[in-house]
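Text of data35.cif (mmCIF, C-alpha atoms) as supplied:
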```cif
data_protein
#
loop_
_atom_site.label_atom_id
_atom_site.label_comp_id
_atom_site.auth_asym_id
_atom_site.auth_seq_id
_atom_site.Cartn_x
_atom_site.Cartn_y
_atom_site.Cartn_z
CA TRP N 1187 -56.04 -68.78 30.80
CA ARG N 1188 -59.45 -68.37 32.39
CA ARG N 1189 -62.54 -66.20 32.13
CA ILE N 1190 -63.25 -64.18 35.29
CA ALA N 1191 -67.04 -63.97 35.68
CA THR N 1192 -67.46 -62.89 39.31
CA VAL N 1193 -65.82 -60.69 41.92
CA ALA N 1194 -65.01 -63.80 43.97
CA GLU N 1195 -63.16 -65.33 41.01
CA ALA N 1196 -61.31 -62.05 40.51
CA ASN N 1197 -60.07 -62.17 44.09
CA GLU N 1198 -59.12 -65.85 44.01
CA HIS N 1199 -57.43 -66.09 40.64
CA VAL N 1200 -56.02 -62.57 40.16
CA LEU N 1201 -55.96 -60.08 43.03
CA GLU N 1202 -55.07 -62.50 45.84
CA ALA N 1203 -53.08 -64.98 43.75
CA ASN N 1204 -49.30 -65.35 43.75
CA GLY N 1205 -46.77 -64.86 40.99
CA VAL N 1206 -47.13 -62.86 37.80
CA ARG N 1207 -50.70 -62.37 36.61
CA VAL N 1208 -51.91 -60.81 33.36
CA VAL N 1209 -55.57 -59.79 33.23
CA GLY N 1210 -57.42 -58.25 30.31
CA ALA N 1211 -60.61 -56.20 30.08
CA PHE N 1212 -62.65 -56.59 26.89
CA LYS N 1213 -65.97 -55.40 25.54
CA SER N 1214 -67.36 -58.86 24.77
CA GLU N 1215 -66.51 -62.50 24.19
CA MET N 1216 -66.56 -61.76 20.45
CA SER N 1217 -63.80 -59.15 20.64
CA LEU N 1218 -60.96 -59.59 18.14
CA ALA N 1219 -58.64 -58.19 20.81
CA LEU N 1220 -59.73 -60.95 23.19
CA HIS N 1221 -59.02 -63.51 20.47
CA ALA N 1222 -55.45 -62.17 20.18
CA PHE N 1223 -55.10 -62.13 23.99
CA ILE N 1224 -56.08 -65.82 24.24
CA GLU N 1225 -53.64 -66.76 21.47
CA VAL N 1226 -50.84 -65.09 23.42
CA ALA N 1227 -51.88 -66.86 26.63
CA GLU N 1228 -51.91 -70.27 24.93
CA LYS N 1229 -48.47 -69.83 23.39
CA PHE N 1230 -46.73 -68.11 26.30
CA ARG N 1231 -43.61 -70.02 27.38
CA TYR N 1232 -43.26 -68.91 30.98
CA PRO N 1233 -45.26 -69.46 34.21
CA VAL N 1234 -47.68 -66.54 34.06
CA THR N 1235 -51.41 -66.63 34.88
CA PHE N 1236 -53.63 -65.14 32.15
CA ALA N 1237 -57.25 -64.15 32.81
CA TYR N 1238 -59.84 -61.83 31.31
CA ALA N 1239 -63.17 -60.21 32.11
CA THR N 1240 -66.00 -58.67 30.11
CA ASP N 1241 -68.47 -57.96 32.93
CA ALA N 1242 -68.51 -54.27 33.95
CA ALA N 1243 -68.59 -54.90 37.71
CA VAL N 1244 -65.79 -57.42 37.54
CA LYS N 1245 -63.66 -55.11 35.40
CA LYS N 1246 -64.13 -52.32 37.93
CA HIS N 1247 -63.18 -54.62 40.80
CA LEU N 1248 -59.99 -55.61 38.95
CA GLY N 1249 -58.96 -51.96 38.62
CA PHE N 1250 -60.30 -51.10 35.16
CA SER N 1251 -63.06 -48.68 34.30
CA GLU N 1252 -66.47 -50.31 33.77
CA LYS N 1253 -66.33 -49.52 30.04
CA ALA N 1254 -62.71 -50.59 29.59
CA LYS N 1255 -61.91 -52.53 26.44
CA ASN N 1256 -58.67 -53.91 25.06
CA LYS N 1257 -56.87 -52.99 28.29
CA VAL N 1258 -54.40 -55.26 30.07
CA LEU N 1259 -52.87 -55.16 33.56
CA LEU N 1260 -49.79 -57.05 34.66
CA LEU N 1261 -49.59 -57.68 38.41
CA LYS N 1262 -46.47 -58.95 40.19
CA PRO N 1263 -45.14 -59.06 43.77
CA TYR N 1264 -41.97 -57.02 43.11
CA ASP N 1265 -40.67 -53.76 41.56
CA GLU N 1266 -43.56 -51.95 39.82
CA GLU N 1267 -46.40 -54.04 41.20
CA LYS N 1268 -48.96 -53.00 38.56
CA GLN N 1269 -48.45 -52.00 34.94
CA SER N 1270 -50.91 -51.35 32.14
CA PHE N 1271 -51.02 -51.96 28.40
CA THR N 1272 -53.50 -51.05 25.66
CA MET N 1273 -53.87 -53.54 22.84
CA SER N 1274 -53.76 -51.95 19.41
CA GLU N 1275 -54.83 -53.01 15.95
CA LEU N 1276 -52.20 -54.67 13.80
CA ASP N 1277 -50.66 -52.25 11.29
CA LEU N 1278 -51.06 -54.28 8.11
CA SER N 1279 -49.04 -51.72 6.13
CA LYS N 1280 -45.87 -52.88 7.92
CA LEU N 1281 -46.31 -56.48 6.82
CA PRO N 1282 -44.47 -57.57 3.67
CA PRO N 1283 -46.69 -58.21 0.63
CA GLN N 1284 -48.07 -61.73 0.42
CA GLN N 1285 -45.99 -63.81 -1.95
CA PRO N 1286 -47.67 -65.97 -4.65
CA GLN N 1287 -47.62 -69.73 -4.18
CA MET N 1288 -44.70 -71.37 -5.97
CA PRO N 1289 -45.46 -74.42 -8.12
CA GLY N 1290 -45.40 -77.48 -5.91
CA GLY N 1291 -44.70 -75.37 -2.84
CA PRO N 1292 -46.74 -74.81 0.31
CA PRO N 1293 -49.49 -72.19 0.25
CA PRO N 1294 -48.43 -68.76 1.53
CA ALA N 1295 -49.31 -67.87 5.10
CA PRO N 1296 -52.67 -66.07 5.23
CA ARG N 1297 -52.58 -62.37 6.01
CA PRO N 1298 -54.46 -61.24 9.13
CA PRO N 1299 -57.85 -59.71 8.32
CA PRO N 1300 -58.41 -55.97 8.83
CA GLY N 1301 -59.21 -55.17 12.45
CA SER N 1302 -56.89 -57.84 13.85
CA PHE N 1303 -54.98 -57.00 17.00
CA ASP N 1304 -51.25 -57.13 17.59
CA GLY N 1305 -50.79 -60.15 19.82
CA GLU N 1306 -47.03 -60.22 19.29
CA ALA N 1307 -46.69 -56.76 20.85
CA LEU N 1308 -48.67 -57.95 23.88
CA GLY N 1309 -46.52 -61.07 24.27
CA ASP N 1310 -43.31 -59.04 24.06
CA TRP N 1311 -44.66 -56.57 26.63
CA VAL N 1312 -45.52 -59.34 29.10
CA GLU N 1313 -42.09 -60.93 28.67
CA LEU N 1314 -40.50 -57.54 29.29
CA MET N 1315 -42.56 -56.44 32.27
CA MET N 1316 -42.56 -59.79 34.09
CA MET N 1317 -38.80 -59.50 34.52
CA PRO N 1318 -37.37 -57.93 37.69
CA LEU N 1319 -35.58 -54.63 37.15
CA LEU N 1320 -32.33 -56.30 38.17
CA VAL N 1321 -32.36 -59.95 37.14
CA ILE N 1322 -30.28 -62.31 39.25
CA PHE N 1323 -28.61 -64.59 36.72
CA ARG N 1324 -29.17 -68.31 37.13
CA PRO N 1325 -28.08 -70.97 34.63
CA ASP N 1326 -31.65 -72.31 34.45
CA ALA N 1327 -32.89 -68.86 33.36
CA VAL N 1328 -30.64 -68.54 30.29
CA ASP N 1329 -33.56 -68.95 27.86
CA LEU N 1330 -35.66 -66.36 29.68
CA ILE N 1331 -32.81 -63.85 29.75
CA PHE N 1332 -31.22 -64.28 26.34
CA GLY N 1333 -34.36 -65.36 24.48
CA GLY N 1334 -36.52 -62.40 25.55
CA PRO N 1335 -37.54 -59.36 23.49
CA VAL N 1336 -34.80 -57.10 24.92
CA GLN N 1337 -31.50 -57.95 23.31
CA VAL N 1338 -29.36 -55.27 24.93
CA HIS N 1339 -28.05 -56.49 28.27
CA ILE N 1340 -26.28 -54.52 30.99
CA VAL N 1341 -24.46 -57.13 33.05
CA LEU N 1342 -22.90 -56.38 36.43
CA VAL N 1343 -20.58 -59.23 37.42
CA VAL N 1344 -19.39 -59.38 41.02
CA ASP N 1345 -17.34 -61.74 43.17
CA PRO N 1346 -19.31 -62.72 46.30
CA ALA N 1347 -15.98 -63.04 48.16
CA ASP N 1348 -15.56 -59.27 47.88
CA GLY N 1349 -18.83 -58.62 49.70
CA VAL N 1350 -21.94 -56.83 48.47
CA ASP N 1351 -21.50 -53.25 47.26
CA GLN N 1352 -25.06 -52.13 47.97
CA GLU N 1353 -24.56 -48.60 46.62
CA LEU N 1354 -23.37 -50.00 43.29
CA GLN N 1355 -26.32 -52.40 43.07
CA ASP N 1356 -28.75 -49.61 44.03
CA ALA N 1357 -27.35 -47.40 41.25
CA VAL N 1358 -27.83 -50.19 38.68
CA ASN N 1359 -31.35 -50.85 39.95
CA GLU N 1360 -32.37 -47.18 39.64
CA VAL N 1361 -30.97 -46.89 36.13
CA ALA N 1362 -32.73 -50.14 35.21
CA LEU N 1363 -36.04 -48.45 36.01
CA ALA N 1364 -35.18 -45.46 33.83
CA HIS N 1365 -34.22 -47.72 30.91
CA ARG N 1366 -36.91 -50.40 31.35
CA GLY N 1367 -37.68 -51.72 27.87
CA ARG N 1368 -34.44 -50.47 26.34
CA ALA N 1369 -32.00 -52.70 28.20
CA LEU N 1370 -32.20 -55.71 30.51
CA HIS N 1371 -30.07 -55.35 33.64
CA ILE N 1372 -28.52 -58.51 35.02
CA LEU N 1373 -26.54 -59.26 38.18
CA MET N 1374 -24.14 -62.20 37.91
CA MET N 1375 -22.19 -63.79 40.75
CA ARG N 1376 -18.81 -65.35 40.10
CA ASP N 1377 -18.96 -69.12 40.60
CA ASP N 1378 -15.91 -70.95 39.29
CA GLU N 1379 -17.30 -74.32 40.34
CA ASN N 1380 -20.38 -73.98 38.12
CA GLU N 1381 -19.33 -74.92 34.58
CA GLU N 1382 -22.31 -73.23 32.94
CA MET N 1383 -21.76 -70.00 34.87
CA ALA N 1384 -18.05 -70.08 34.06
CA GLY N 1385 -18.94 -70.57 30.40
CA VAL N 1386 -21.16 -67.47 30.39
CA LEU N 1387 -18.41 -65.40 32.02
CA GLU N 1388 -15.98 -66.62 29.38
CA PHE N 1389 -18.55 -65.75 26.72
CA LEU N 1390 -18.68 -62.20 28.13
CA LYS N 1391 -14.87 -62.09 28.45
CA VAL N 1392 -15.00 -61.19 32.15
CA ARG N 1393 -11.54 -61.27 33.74
CA THR N 1394 -11.79 -58.91 36.74
CA TYR N 1395 -14.44 -58.09 39.37
CA PRO N 1396 -16.58 -56.13 39.51
CA THR N 1397 -17.13 -55.76 35.77
CA LEU N 1398 -19.94 -53.91 34.00
CA VAL N 1399 -20.63 -55.02 30.42
CA LEU N 1400 -23.08 -53.73 27.82
CA SER N 1401 -23.79 -56.65 25.51
CA ASP N 1402 -25.68 -55.71 22.33
CA MET N 1403 -27.08 -58.89 20.78
CA THR N 1404 -29.65 -57.25 18.49
CA ASN N 1405 -27.55 -58.11 15.45
CA ALA N 1406 -25.69 -61.16 16.72
CA THR N 1407 -24.62 -63.64 14.05
CA GLU N 1408 -23.22 -67.16 13.99
CA ALA N 1409 -19.80 -65.65 13.36
CA GLU N 1410 -20.23 -63.20 16.25
CA PRO N 1411 -22.73 -64.84 18.66
CA ALA N 1412 -21.87 -62.52 21.53
CA GLY N 1413 -22.83 -59.49 19.48
CA LYS N 1414 -20.98 -56.32 20.35
CA GLN N 1415 -19.73 -55.70 23.86
CA THR N 1416 -18.68 -52.54 25.61
CA LYS N 1417 -17.19 -52.51 29.09
CA TYR N 1418 -17.37 -49.67 31.57
CA PRO N 1419 -13.80 -48.57 32.48
CA ALA N 1420 -12.64 -51.13 35.04
CA SER N 1421 -10.91 -48.55 37.23
CA LYS N 1422 -14.17 -46.62 37.64
CA VAL N 1423 -16.71 -49.40 38.28
CA LYS N 1424 -16.40 -49.39 42.06
CA ALA N 1425 -17.02 -45.63 42.18
CA LEU N 1426 -19.94 -45.81 39.75
CA ASP N 1427 -23.00 -43.74 40.67
CA LYS N 1428 -26.47 -43.35 39.16
CA ALA N 1429 -25.68 -40.21 37.13
CA SER N 1430 -22.53 -41.66 35.57
CA LEU N 1431 -24.18 -44.97 34.70
CA LEU N 1432 -27.28 -43.24 33.31
CA ALA N 1433 -25.17 -41.08 31.00
CA TRP N 1434 -23.00 -44.01 29.85
CA GLU N 1435 -25.99 -46.22 29.08
CA LYS N 1436 -27.91 -43.39 27.39
CA LYS N 1437 -25.03 -42.68 25.00
CA HIS N 1438 -24.67 -46.31 23.93
CA LEU N 1439 -28.40 -47.07 23.79
CA GLU N 1440 -29.10 -44.08 21.54
CA LYS N 1441 -26.38 -45.23 19.15
CA ILE N 1442 -27.72 -48.81 19.09
CA GLU N 1443 -31.32 -47.65 18.57
CA ALA N 1444 -30.36 -45.31 15.73
CA THR N 1445 -28.53 -48.15 13.96
CA ASN N 1446 -31.47 -50.54 14.42
CA ALA N 1447 -33.97 -47.94 13.19
CA GLU N 1448 -31.98 -47.44 9.99
CA GLN N 1449 -31.75 -51.19 9.43
CA GLU N 1450 -35.52 -51.52 9.90
CA ARG N 1451 -36.12 -48.66 7.43
CA LEU N 1452 -33.99 -50.42 4.83
CA ARG N 1453 -35.75 -53.74 5.50
CA LEU N 1454 -39.17 -52.19 4.91
CA LEU N 1455 -38.00 -50.51 1.71
CA LYS N 1456 -36.70 -53.83 0.42
CA ALA N 1457 -39.84 -55.73 1.47
CA HIS N 1458 -42.14 -53.31 -0.35
CA GLY N 1459 -39.97 -53.05 -3.41
#
```

Rendering of file as structure tokens:
Amino acid sequence: WRRIATVAEANEHVLEANGVRVVGAFKSEMSLALHAFIEVAEKFRYPVTFAYATDAAVKKHLGFSEKAKNKVLLLKPYDEEKQSFTMSELDLSKLPPQQPQMPGGPPPAPRPPPGSFDGEALGDWVELMMMPLLVIFRPDAVDLIFGGPVQVHIVLVVDPADGVDQELQDAVNEVALAHRGRALHILMMRDDENEEMAGVLEFLKVRTYPTLVLSDMTNATEAEPAGKQTKYPASKVKALDKASLLAWEKKHLEKIEATNAEQERLRLLKAHG
């Protein structure tokens, strides 16, 4: 991460730079939000440039208002080229009560002080928004895909030998925009000679092409590591259009989200006694 102090630095390191860039606007160097921003930048696992500014003129040049504070922009050379995020204070009421230290045990983790900002939410947002709407699956990107904050995956698997069905890919891409943040959309190419790729296809139980799979891994377990999978009717995949896919995804996503919300409610009740 770096501090952007001048307009020239803003151009060089943010506006005219390549790749994914995350830039924050803060009131001062003493801001608790800036402290959380820097913590996220230092721990972030992927190749993203983090920068921040506190100077009014520099903030304006970067696309913020001169008085902006706790605001973040993510810039990237694809899909939605600019997206914004407002950092918020950490809701301490949602944290479980601090447990007393057990005899001979390690001290309990300190609770964040009042006024702390939610760095985890920022990190999850960056991981989400840095991803293309339709991710082209590569074996070296397994961690990025399956280890990210979105654990519901819509996977379109095609056989390159059949040619590219551009209308089908366009439909998936448009629905991916509508469901950004709720599901990660992935395009996989059949490759029988790549053992890792073949292993993933076996994991997803893909037998025919094209195949469209919804893989819900939000509650995956050791006994069921693939989570729950739902396949779009094989006979209808080739004729799939945006409206049909949107309705199918919406139905399943609402069901998944309702289940997860109830599980979170029960977790909070248990944590707070």

### Task
Would you list the residues near (-46.4, -59.3, 22.6) (no more than 10 Å away, in the coordinates of the file, using all atoms listed in the file) as number ranges by chain?
N: 1222-1223, 1226, 1230, 1273, 1304-1314, 1335

### Message
List the spatial neighbours of N:His1365 as a list in words - criterion: any atom at most 9 Å away, only C-alpha atoms, same-chain residues fewer than 5 positions off excluded.
### Response
Glu1360, Leu1370, Leu1432, Glu1435 and Lys1436 of chain N

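Going from atom CA of N:Asn1359 over to atom CA of N:His1371, you cover 7.9 Å.
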
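Here atom CA of N:Pro1263 and atom CA of N:Ser1401 stand 28.2 Å from one another.
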
Find the residues near N:Val1328: any atom within 12 Å, counting all atoms listed in the file, skip ones fewer than 3 places away on the same chain, and give them as a PDB file with C-alpha atoms, keeping the file's coordinate frame.
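Heads up, here's the output in around.pdb:
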```pdb
ATOM      1  CA  VAL N1321     -32.360 -59.950  37.140  1.00  0.00           C
ATOM      2  CA  ILE N1322     -30.280 -62.310  39.250  1.00  0.00           C
ATOM      3  CA  PHE N1323     -28.610 -64.590  36.720  1.00  0.00           C
ATOM      4  CA  ARG N1324     -29.170 -68.310  37.130  1.00  0.00           C
ATOM      5  CA  PRO N1325     -28.080 -70.970  34.630  1.00  0.00           C
ATOM      6  CA  ILE N1331     -32.810 -63.850  29.750  1.00  0.00           C
ATOM      7  CA  PHE N1332     -31.220 -64.280  26.340  1.00  0.00           C
ATOM      8  CA  GLY N1333     -34.360 -65.360  24.480  1.00  0.00           C
ATOM      9  CA  GLY N1334     -36.520 -62.400  25.550  1.00  0.00           C
ATOM     10  CA  ILE N1372     -28.520 -58.510  35.020  1.00  0.00           C
ATOM     11  CA  MET N1374     -24.140 -62.200  37.910  1.00  0.00           C
ATOM     12  CA  GLU N1382     -22.310 -73.230  32.940  1.00  0.00           C
ATOM     13  CA  MET N1383     -21.760 -70.000  34.870  1.00  0.00           C
ATOM     14  CA  GLY N1385     -18.940 -70.570  30.400  1.00  0.00           C
ATOM     15  CA  VAL N1386     -21.160 -67.470  30.390  1.00  0.00           C
TER      16      VAL N1386
END
```

### Message
I'd like the contact shell of N:Ile1224 - 9 Å cut-off, all atoms listed in the file, skipping same-chain residues fewer than 5 positions apart - returned as an MDAnalysis selection string.
### Response
chainID N and resid 1187 1219 1229 1236:1238 1305

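At a cut-off of 10 Å from (-35.8, -50.8, 37.7), the residue set is N:Asp1265, N:Glu1266, N:Met1317, N:Pro1318, N:Leu1319, N:Leu1320, N:Val1321, N:Asp1356, N:Ala1357, N:Val1358, N:Asn1359, N:Glu1360, N:Val1361, N:Ala1362, N:Leu1363, N:Ala1364, N:His1365, N:Arg1366, N:Leu1370, N:His1371 (counting all atoms listed in the file).
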
### Task
May I ask for the distance between atom CA of N:His1221 and atom CA of N:Ser1251, given in Å to one decimal place?
20.7 Å

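Between N:Val1208 and the residues N:Glu1379, N:Ala1254, N:Ala1242, N:Met1316, the shortest atom-to-atom distance, using all atoms listed in the file, involves N:Met1316.
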
#### Entry: Near-N:Thr1404 list (9 Å; only C-alpha atoms; drop same-chain fewer than 4 positions) as a PyMOL selection string
chain N and resi 1336-1338+1413-1414+1442+1446

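Ranking N:Ala1369, N:Ala1243, N:Met1375, N:Ala1327 by their shortest atom-to-atom distance to N:Val1344, with only C-alpha atoms included, puts N:Met1375 first.
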
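Considering all atoms listed in the file, the residue among N:Val1392, N:Leu1259, N:Val1234, N:Met1216 positioned nearest to N:Phe1271 is N:Leu1259.
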
Kindly complete stretch 1393-1404 of chain N to all heavy atoms; the output should be written as a short mmCIF file (atom, residue, chain, number, x, y, z; two decimals), in the frame of the given file.
```cif
data_model
loop_
_atom_site.label_atom_id
_atom_site.label_comp_id
_atom_site.auth_asym_id
_atom_site.auth_seq_id
_atom_site.Cartn_x
_atom_site.Cartn_y
_atom_site.Cartn_z
N ARG N 1393 -12.81 -60.84 33.16
CA ARG N 1393 -11.54 -61.27 33.74
C ARG N 1393 -11.33 -60.68 35.14
O ARG N 1393 -10.57 -61.24 35.93
CB ARG N 1393 -10.37 -60.84 32.85
CG ARG N 1393 -10.45 -61.37 31.42
CD ARG N 1393 -10.14 -62.86 31.35
NE ARG N 1393 -10.12 -63.32 29.96
CZ ARG N 1393 -11.15 -63.83 29.32
NH1 ARG N 1393 -12.31 -63.95 29.94
NH2 ARG N 1393 -11.05 -64.24 28.07
N THR N 1394 -11.96 -59.56 35.44
CA THR N 1394 -11.79 -58.91 36.74
C THR N 1394 -13.16 -58.62 37.34
O THR N 1394 -14.18 -58.64 36.64
CB THR N 1394 -11.01 -57.59 36.59
OG1 THR N 1394 -11.73 -56.70 35.71
CG2 THR N 1394 -9.62 -57.85 36.03
N TYR N 1395 -13.18 -58.32 38.65
CA TYR N 1395 -14.44 -58.09 39.37
C TYR N 1395 -14.31 -56.84 40.24
O TYR N 1395 -13.26 -56.62 40.85
CB TYR N 1395 -14.76 -59.32 40.24
CG TYR N 1395 -14.83 -60.60 39.44
CD1 TYR N 1395 -13.68 -61.36 39.23
CD2 TYR N 1395 -16.02 -61.01 38.86
CE1 TYR N 1395 -13.74 -62.52 38.48
CE2 TYR N 1395 -16.07 -62.18 38.10
CZ TYR N 1395 -14.93 -62.93 37.92
OH TYR N 1395 -14.99 -64.07 37.15
N PRO N 1396 -15.35 -56.04 40.31
CA PRO N 1396 -16.58 -56.13 39.51
C PRO N 1396 -16.35 -55.66 38.08
O PRO N 1396 -15.45 -54.87 37.81
CB PRO N 1396 -17.54 -55.19 40.25
CG PRO N 1396 -16.64 -54.16 40.86
CD PRO N 1396 -15.39 -54.89 41.24
N THR N 1397 -17.17 -56.16 37.17
CA THR N 1397 -17.13 -55.76 35.77
C THR N 1397 -18.55 -55.39 35.34
O THR N 1397 -19.51 -56.06 35.71
CB THR N 1397 -16.61 -56.90 34.88
OG1 THR N 1397 -15.22 -57.12 35.15
CG2 THR N 1397 -16.77 -56.55 33.40
N LEU N 1398 -18.65 -54.33 34.56
CA LEU N 1398 -19.94 -53.91 34.00
C LEU N 1398 -19.83 -53.97 32.48
O LEU N 1398 -18.97 -53.31 31.89
CB LEU N 1398 -20.30 -52.50 34.45
CG LEU N 1398 -21.70 -52.02 34.06
CD1 LEU N 1398 -22.76 -52.77 34.87
CD2 LEU N 1398 -21.85 -50.52 34.30
N VAL N 1399 -20.69 -54.79 31.87
CA VAL N 1399 -20.63 -55.02 30.42
C VAL N 1399 -21.96 -54.66 29.78
O VAL N 1399 -23.02 -55.06 30.27
CB VAL N 1399 -20.33 -56.50 30.11
CG1 VAL N 1399 -20.13 -56.70 28.61
CG2 VAL N 1399 -19.12 -56.99 30.87
N LEU N 1400 -21.91 -53.92 28.68
CA LEU N 1400 -23.08 -53.73 27.82
C LEU N 1400 -22.92 -54.71 26.67
O LEU N 1400 -21.96 -54.61 25.90
CB LEU N 1400 -23.17 -52.29 27.32
CG LEU N 1400 -24.42 -51.95 26.49
CD1 LEU N 1400 -24.76 -50.46 26.61
CD2 LEU N 1400 -24.25 -52.30 25.01
N SER N 1401 -23.84 -55.64 26.56
CA SER N 1401 -23.79 -56.65 25.51
C SER N 1401 -24.96 -56.42 24.56
O SER N 1401 -26.11 -56.63 24.93
CB SER N 1401 -23.85 -58.06 26.12
OG SER N 1401 -23.78 -59.04 25.11
N ASP N 1402 -24.65 -55.98 23.35
CA ASP N 1402 -25.68 -55.71 22.33
C ASP N 1402 -25.78 -56.92 21.42
O ASP N 1402 -24.91 -57.18 20.60
CB ASP N 1402 -25.30 -54.46 21.53
CG ASP N 1402 -26.24 -54.22 20.37
OD1 ASP N 1402 -27.36 -54.77 20.38
OD2 ASP N 1402 -25.85 -53.49 19.43
N MET N 1403 -26.89 -57.67 21.58
CA MET N 1403 -27.08 -58.89 20.78
C MET N 1403 -28.17 -58.72 19.73
O MET N 1403 -28.67 -59.70 19.18
CB MET N 1403 -27.39 -60.06 21.71
CG MET N 1403 -26.29 -60.33 22.72
SD MET N 1403 -26.63 -61.76 23.77
CE MET N 1403 -26.51 -63.09 22.58
N THR N 1404 -28.56 -57.47 19.45
CA THR N 1404 -29.65 -57.25 18.49
C THR N 1404 -29.28 -57.72 17.09
O THR N 1404 -30.15 -58.09 16.31
CB THR N 1404 -30.03 -55.76 18.44
OG1 THR N 1404 -28.85 -54.97 18.23
CG2 THR N 1404 -30.69 -55.32 19.74
#
```
